[in-house]
Amino acid sequence: MQNFQGVGVSPGRIIGTIRQMPRPVSEPPSGERLAANTTAEDAVAGLKTAARAVHDELKARAERASGDGKAVLEATALMAKDPMLLKAAGKLINAGTSAERATWEAGASVAEMLHNLGGYMAERATDVLDVRARIVAELRGVPAPGIPSSETPFILVAEDLAPADTATLDPAVVLALVTSGGGPQSHTAIIARSLGLPAVVAAHGVDSVVDGTEVYVDGAAGSITVGPTVEQRAAALAWVENAATLAVFDGNGTTADGHLVPLLANVGGAKDAVAAAALGAQGVGLFRTEFCFLERDTEPTVEEQTAAYKAVFDAFPGKKVVLRTLDAGADKPLPFLTDATEPNPALGVRGYRTDFTTPGVLERQLEAIALAAAGSEADVWVMAPMISTAAEAARFAQLCAAAGIKTPGVMVEVPSAALTAATVLAEVGFASLGTNDLTQYAMAADRQLGPLAELNTPWQPAVLRLVQLTVAGSAEEGSSKPVGVCGEAAADPALAVVLAGLGVSTLSMTARSLAAVGTVLKTVTLEQAQDLARLALSAPSATEARDWVRAKLPILEELGL
């Protein structure tokens, strides 16, 4: 029996045969020159045509997708017409290099530059290499790299998945995802959770298993077994039975003794919001408004923004919708707002900080939000990302008041905001913890890197301590203000119990996780959740924190979560 251990990022127990991602587009020969009958001008024109075709194909995919998948595809499509990539390739073509080789070398240079920048920009290096392969395939007139086709369902195994491929997975064909690379917050992990696909990342060596091999995948434990045992076959059958139960949320987030913990959804637009409402979400805890701005060379008008926001608000009449103002910068560059040449974009001008360098965009967005809220029945709350100080929180509250927005708040994703939560929250009405960024900033660990997966988990006691400090700070002024969690941590049923025990007031997640989290919450009292929170805080490591808590929640093993 052969076993592989990785990081479980989406629960599920599945048995199936594997299919490996096909080999990538081969590298054009070094030194390959322009054909004798091809001019540099024609080759540059051909490159631009190929790049445009790749962009249009990815954009078309984005229009068929939603939520996280849509955002990933739109961001990748932008890379296909990135002037830096095309300009670098054009220079090589004018020097006599073939279009295919020029694209390959230019893509390598741009990807290396982004990788060296670290943080979010390192994530964009994967997009560049994916786009490079697609352009070369288009120039050659061969199919682009992608997920293998199959008439029967299979478990997909790869070193890593390109964002464009991950975003268009068909859950009816792909039973589970396993990668030897990637991290717990990679594109693969995030989209697997949104699709409800069992997934394991950072499982070193698994890409060496041959096609057709039968394996058992446990997405919660992060394990892959070649040649499933009788017990594992029984566990997989039990998962199928439990999956039906875990697909239905009754719309009532509460502990066993009636302590309310509303379960909200993370959405990117109207389509997501309608789907989340249908799945029983008690509101929206994170409306990512940057999806309305992606793939734009110019700022959307107030009228365009108002229509987009109102469509989400209308899906939740009478319920809370927490909207995050534009989180541009780092991995979400916008030509009219951000500077792509920053030496360290993850620590640069992003989120609320863009108002320092490009004033007016935020105020117009707040105007659109206020107009949309006035025309809907939703209870609209608005929060700013990347708030670091009480002064920034106060200024954002003033901007909201000027626009007519009644409930301003802040994202707590920078450790300084957690450490000074009392003074920050004195200026606004609520806070929401973005655990993805809070974890990578607290642990100085790029959330996309597989080798740092052990560091980059919200189970880190240091991260849980920052959550505790934020909740404690919210009550220091005498009147406790709501502190929610909208990062990926909220989708982990075991961690959701801990967060409730730490005093978090709401949990927001991908809508597919609502039922699982709701089911587990109902098995513990608030006092038990508080005991588990103390247990996690006392652990010497993230692994022990997770193991100790899970050992006290037998329902997780029963349900395969």
# chains A, B, ... in the order shown; residues from 1 in each chain; ligands from 1

call {"tool": "residues_around", "arguments": {"residues": "stretch 74-82 of chain A", "least_positions_apart": "5", "cutoff": "6 Å", "atoms": "only C-alpha atoms", "output": "list in words"}}
result
Ala51, His55, Leu58, Lys59, Ala62, Asp127 and Val131 of chain A

call {"tool": "write_last_selection", "arguments": {"atoms": "C-alpha atoms", "output": "PDB file, in the first residue's frame"}}
result
ATOM      1  CA  ALA A  51      -2.753  36.686 -27.666  1.00  0.00           C
ATOM      2  CA  HIS A  55      -7.745  36.519 -24.123  1.00  0.00           C
ATOM      3  CA  LEU A  58     -10.502  32.971 -21.371  1.00  0.00           C
ATOM      4  CA  LYS A  59     -12.935  35.867 -21.218  1.00  0.00           C
ATOM      5  CA  ALA A  62     -15.249  33.769 -17.395  1.00  0.00           C
ATOM      6  CA  ASP A 127      -0.893  32.978 -14.622  1.00  0.00           C
ATOM      7  CA  VAL A 131      -0.953  32.271 -20.693  1.00  0.00           C
TER       8      VAL A 131
END

call {"tool": "closest_atom_pairs", "arguments": {"of": "stretch 219-336 of chain A", "to": "stretch 177-191 of chain A", "cutoff": "10 Å", "atoms": "only C-alpha atoms", "output": "Markdown table"}}
result
| residue | atom | partner | partner_atom | distance |
| --- | --- | --- | --- | --- |
| A:Gly219 | CA | A:Leu177 | CA | 8.8 |
| A:Gly222 | CA | A:Val178 | CA | 9.3 |
| A:Ser223 | CA | A:Val178 | CA | 9.6 |
| A:Ile224 | CA | A:Val178 | CA | 8.4 |

call {"tool": "select_by_dssp", "arguments": {"residues": "stretch 245-427 of chain A", "states": "strand (DSSP E)", "output": "ChimeraX atom specification"}}
result
/A:263-267,283-288,320-324,379-384,408-412

call {"tool": "write_last_selection", "arguments": {"atoms": "C-alpha atoms", "output": "mmCIF file, in the first residue's frame"}}
result
data_model
loop_
_atom_site.group_PDB
_atom_site.id
_atom_site.type_symbol
_atom_site.label_atom_id
_atom_site.label_comp_id
_atom_site.auth_asym_id
_atom_site.auth_seq_id
_atom_site.Cartn_x
_atom_site.Cartn_y
_atom_site.Cartn_z
ATOM 1 C CA LEU A 263 -23.861 31.836 8.776
ATOM 2 C CA LEU A 264 -23.364 34.160 5.815
ATOM 3 C CA ALA A 265 -22.007 33.721 2.292
ATOM 4 C CA ASN A 266 -19.047 35.148 0.401
ATOM 5 C CA VAL A 267 -20.155 36.322 -3.060
ATOM 6 C CA GLY A 283 -27.030 37.096 4.470
ATOM 7 C CA VAL A 284 -23.757 38.105 2.832
ATOM 8 C CA GLY A 285 -20.633 38.465 4.945
ATOM 9 C CA LEU A 286 -18.331 39.400 2.067
ATOM 10 C CA PHE A 287 -19.383 40.962 -1.230
ATOM 11 C CA ARG A 288 -16.160 41.261 -3.220
ATOM 12 C CA LYS A 320 -27.484 41.879 6.131
ATOM 13 C CA VAL A 321 -25.172 42.340 3.159
ATOM 14 C CA VAL A 322 -21.582 43.272 4.054
ATOM 15 C CA LEU A 323 -19.858 44.890 1.094
ATOM 16 C CA ARG A 324 -16.090 45.261 0.865
ATOM 17 C CA ASP A 379 -29.394 45.946 5.441
ATOM 18 C CA VAL A 380 -26.178 47.197 3.846
ATOM 19 C CA TRP A 381 -22.919 47.343 5.823
ATOM 20 C CA VAL A 382 -19.714 48.607 4.175
ATOM 21 C CA MET A 383 -16.116 47.795 5.120
ATOM 22 C CA ALA A 384 -12.709 48.881 3.873
ATOM 23 C CA PRO A 408 -19.125 51.549 8.261
ATOM 24 C CA GLY A 409 -16.633 48.872 9.224
ATOM 25 C CA VAL A 410 -13.118 47.594 8.624
ATOM 26 C CA MET A 411 -11.397 44.433 7.478
ATOM 27 C CA VAL A 412 -8.935 43.139 10.070
#

call {"tool": "select_by_dssp", "arguments": {"residues": "stretch 302-404 of chain A", "states": "alpha helix (DSSP H)", "output": "number ranges by chain"}}
result
A: 302-313, 354-357, 361-374, 390-403

call {"tool": "closest_residue", "arguments": {"among": "A:Pro153, A:Leu260, A:Ala403, A:Val349", "to": "A:Gly503", "atoms": "only C-alpha atoms"}}
result
A:Leu260

call {"tool": "closest_residue", "arguments": {"among": "A:Gln440, A:Thr510, A:Thr289, A:Ser388", "to": "A:Thr423", "atoms": "only C-alpha atoms"}}
result
A:Ser388

call {"tool": "residues_around", "arguments": {"residues": "stretch 133-150 of chain A", "least_positions_apart": "6", "cutoff": "10 Å", "atoms": "only C-alpha atoms", "output": "ChimeraX atom specification"}}
result
/A:19-28,43,46-55,80,99-104,107,156-158,161-162,164-166,168-170,173-174

call {"tool": "write_last_selection", "arguments": {"atoms": "C-alpha atoms", "output": "PDB file, in the first residue's frame"}}
result
ATOM      1  CA  ARG A  19      -6.026  10.850 -14.495  1.00  0.00           C
ATOM      2  CA  GLN A  20      -2.870  12.919 -14.618  1.00  0.00           C
ATOM      3  CA  MET A  21      -2.900  16.322 -16.255  1.00  0.00           C
ATOM      4  CA  PRO A  22      -1.370  15.976 -19.738  1.00  0.00           C
ATOM      5  CA  ARG A  23       2.157  17.149 -20.323  1.00  0.00           C
ATOM      6  CA  PRO A  24       2.419  20.895 -20.792  1.00  0.00           C
ATOM      7  CA  VAL A  25       3.174  22.598 -24.092  1.00  0.00           C
ATOM      8  CA  SER A  26       6.743  21.778 -25.035  1.00  0.00           C
ATOM      9  CA  GLU A  27       9.379  24.488 -25.021  1.00  0.00           C
ATOM     10  CA  PRO A  28      10.288  25.833 -28.488  1.00  0.00           C
ATOM     11  CA  ALA A  43       5.329  37.620 -36.726  1.00  0.00           C
ATOM     12  CA  GLY A  46       0.582  36.990 -35.518  1.00  0.00           C
ATOM     13  CA  LEU A  47       1.597  37.125 -31.875  1.00  0.00           C
ATOM     14  CA  LYS A  48      -0.931  39.857 -31.139  1.00  0.00           C
ATOM     15  CA  THR A  49      -3.639  37.885 -32.932  1.00  0.00           C
ATOM     16  CA  ALA A  50      -2.801  34.755 -30.934  1.00  0.00           C
ATOM     17  CA  ALA A  51      -2.753  36.686 -27.666  1.00  0.00           C
ATOM     18  CA  ARG A  52      -6.102  38.255 -28.490  1.00  0.00           C
ATOM     19  CA  ALA A  53      -7.554  34.811 -29.252  1.00  0.00           C
ATOM     20  CA  VAL A  54      -6.327  33.486 -25.902  1.00  0.00           C
ATOM     21  CA  HIS A  55      -7.745  36.519 -24.123  1.00  0.00           C
ATOM     22  CA  ALA A  80      -2.962  37.513 -22.160  1.00  0.00           C
ATOM     23  CA  ALA A  99       7.285  34.155 -32.310  1.00  0.00           C
ATOM     24  CA  GLU A 100       6.958  30.921 -30.325  1.00  0.00           C
ATOM     25  CA  ARG A 101      10.448  31.173 -28.820  1.00  0.00           C
ATOM     26  CA  ALA A 102      10.061  34.908 -28.198  1.00  0.00           C
ATOM     27  CA  THR A 103       6.809  34.309 -26.320  1.00  0.00           C
ATOM     28  CA  TRP A 104       8.432  31.551 -24.287  1.00  0.00           C
ATOM     29  CA  GLY A 107       6.966  34.789 -20.437  1.00  0.00           C
ATOM     30  CA  LEU A 156      -7.567  14.648 -11.262  1.00  0.00           C
ATOM     31  CA  VAL A 157      -3.900  14.639 -10.242  1.00  0.00           C
ATOM     32  CA  ALA A 158      -1.344  17.270 -11.233  1.00  0.00           C
ATOM     33  CA  LEU A 161      -3.427  23.429 -11.837  1.00  0.00           C
ATOM     34  CA  ALA A 162      -3.431  26.559 -13.939  1.00  0.00           C
ATOM     35  CA  ALA A 164      -7.967  28.896 -16.011  1.00  0.00           C
ATOM     36  CA  ASP A 165      -8.243  25.108 -15.747  1.00  0.00           C
ATOM     37  CA  THR A 166      -9.211  25.102 -12.082  1.00  0.00           C
ATOM     38  CA  THR A 168     -13.711  25.503 -15.285  1.00  0.00           C
ATOM     39  CA  LEU A 169     -13.693  22.114 -13.581  1.00  0.00           C
ATOM     40  CA  ASP A 170     -16.839  20.056 -14.083  1.00  0.00           C
ATOM     41  CA  VAL A 173     -16.628  14.503 -14.226  1.00  0.00           C
ATOM     42  CA  VAL A 174     -13.878  15.384 -11.735  1.00  0.00           C
TER      43      VAL A 174
END

call {"tool": "closest_residue", "arguments": {"among": "A:Gly434, A:Gly31, A:Gly253, A:Pro493", "to": "A:Val517", "atoms": "only C-alpha atoms"}}
result
A:Pro493
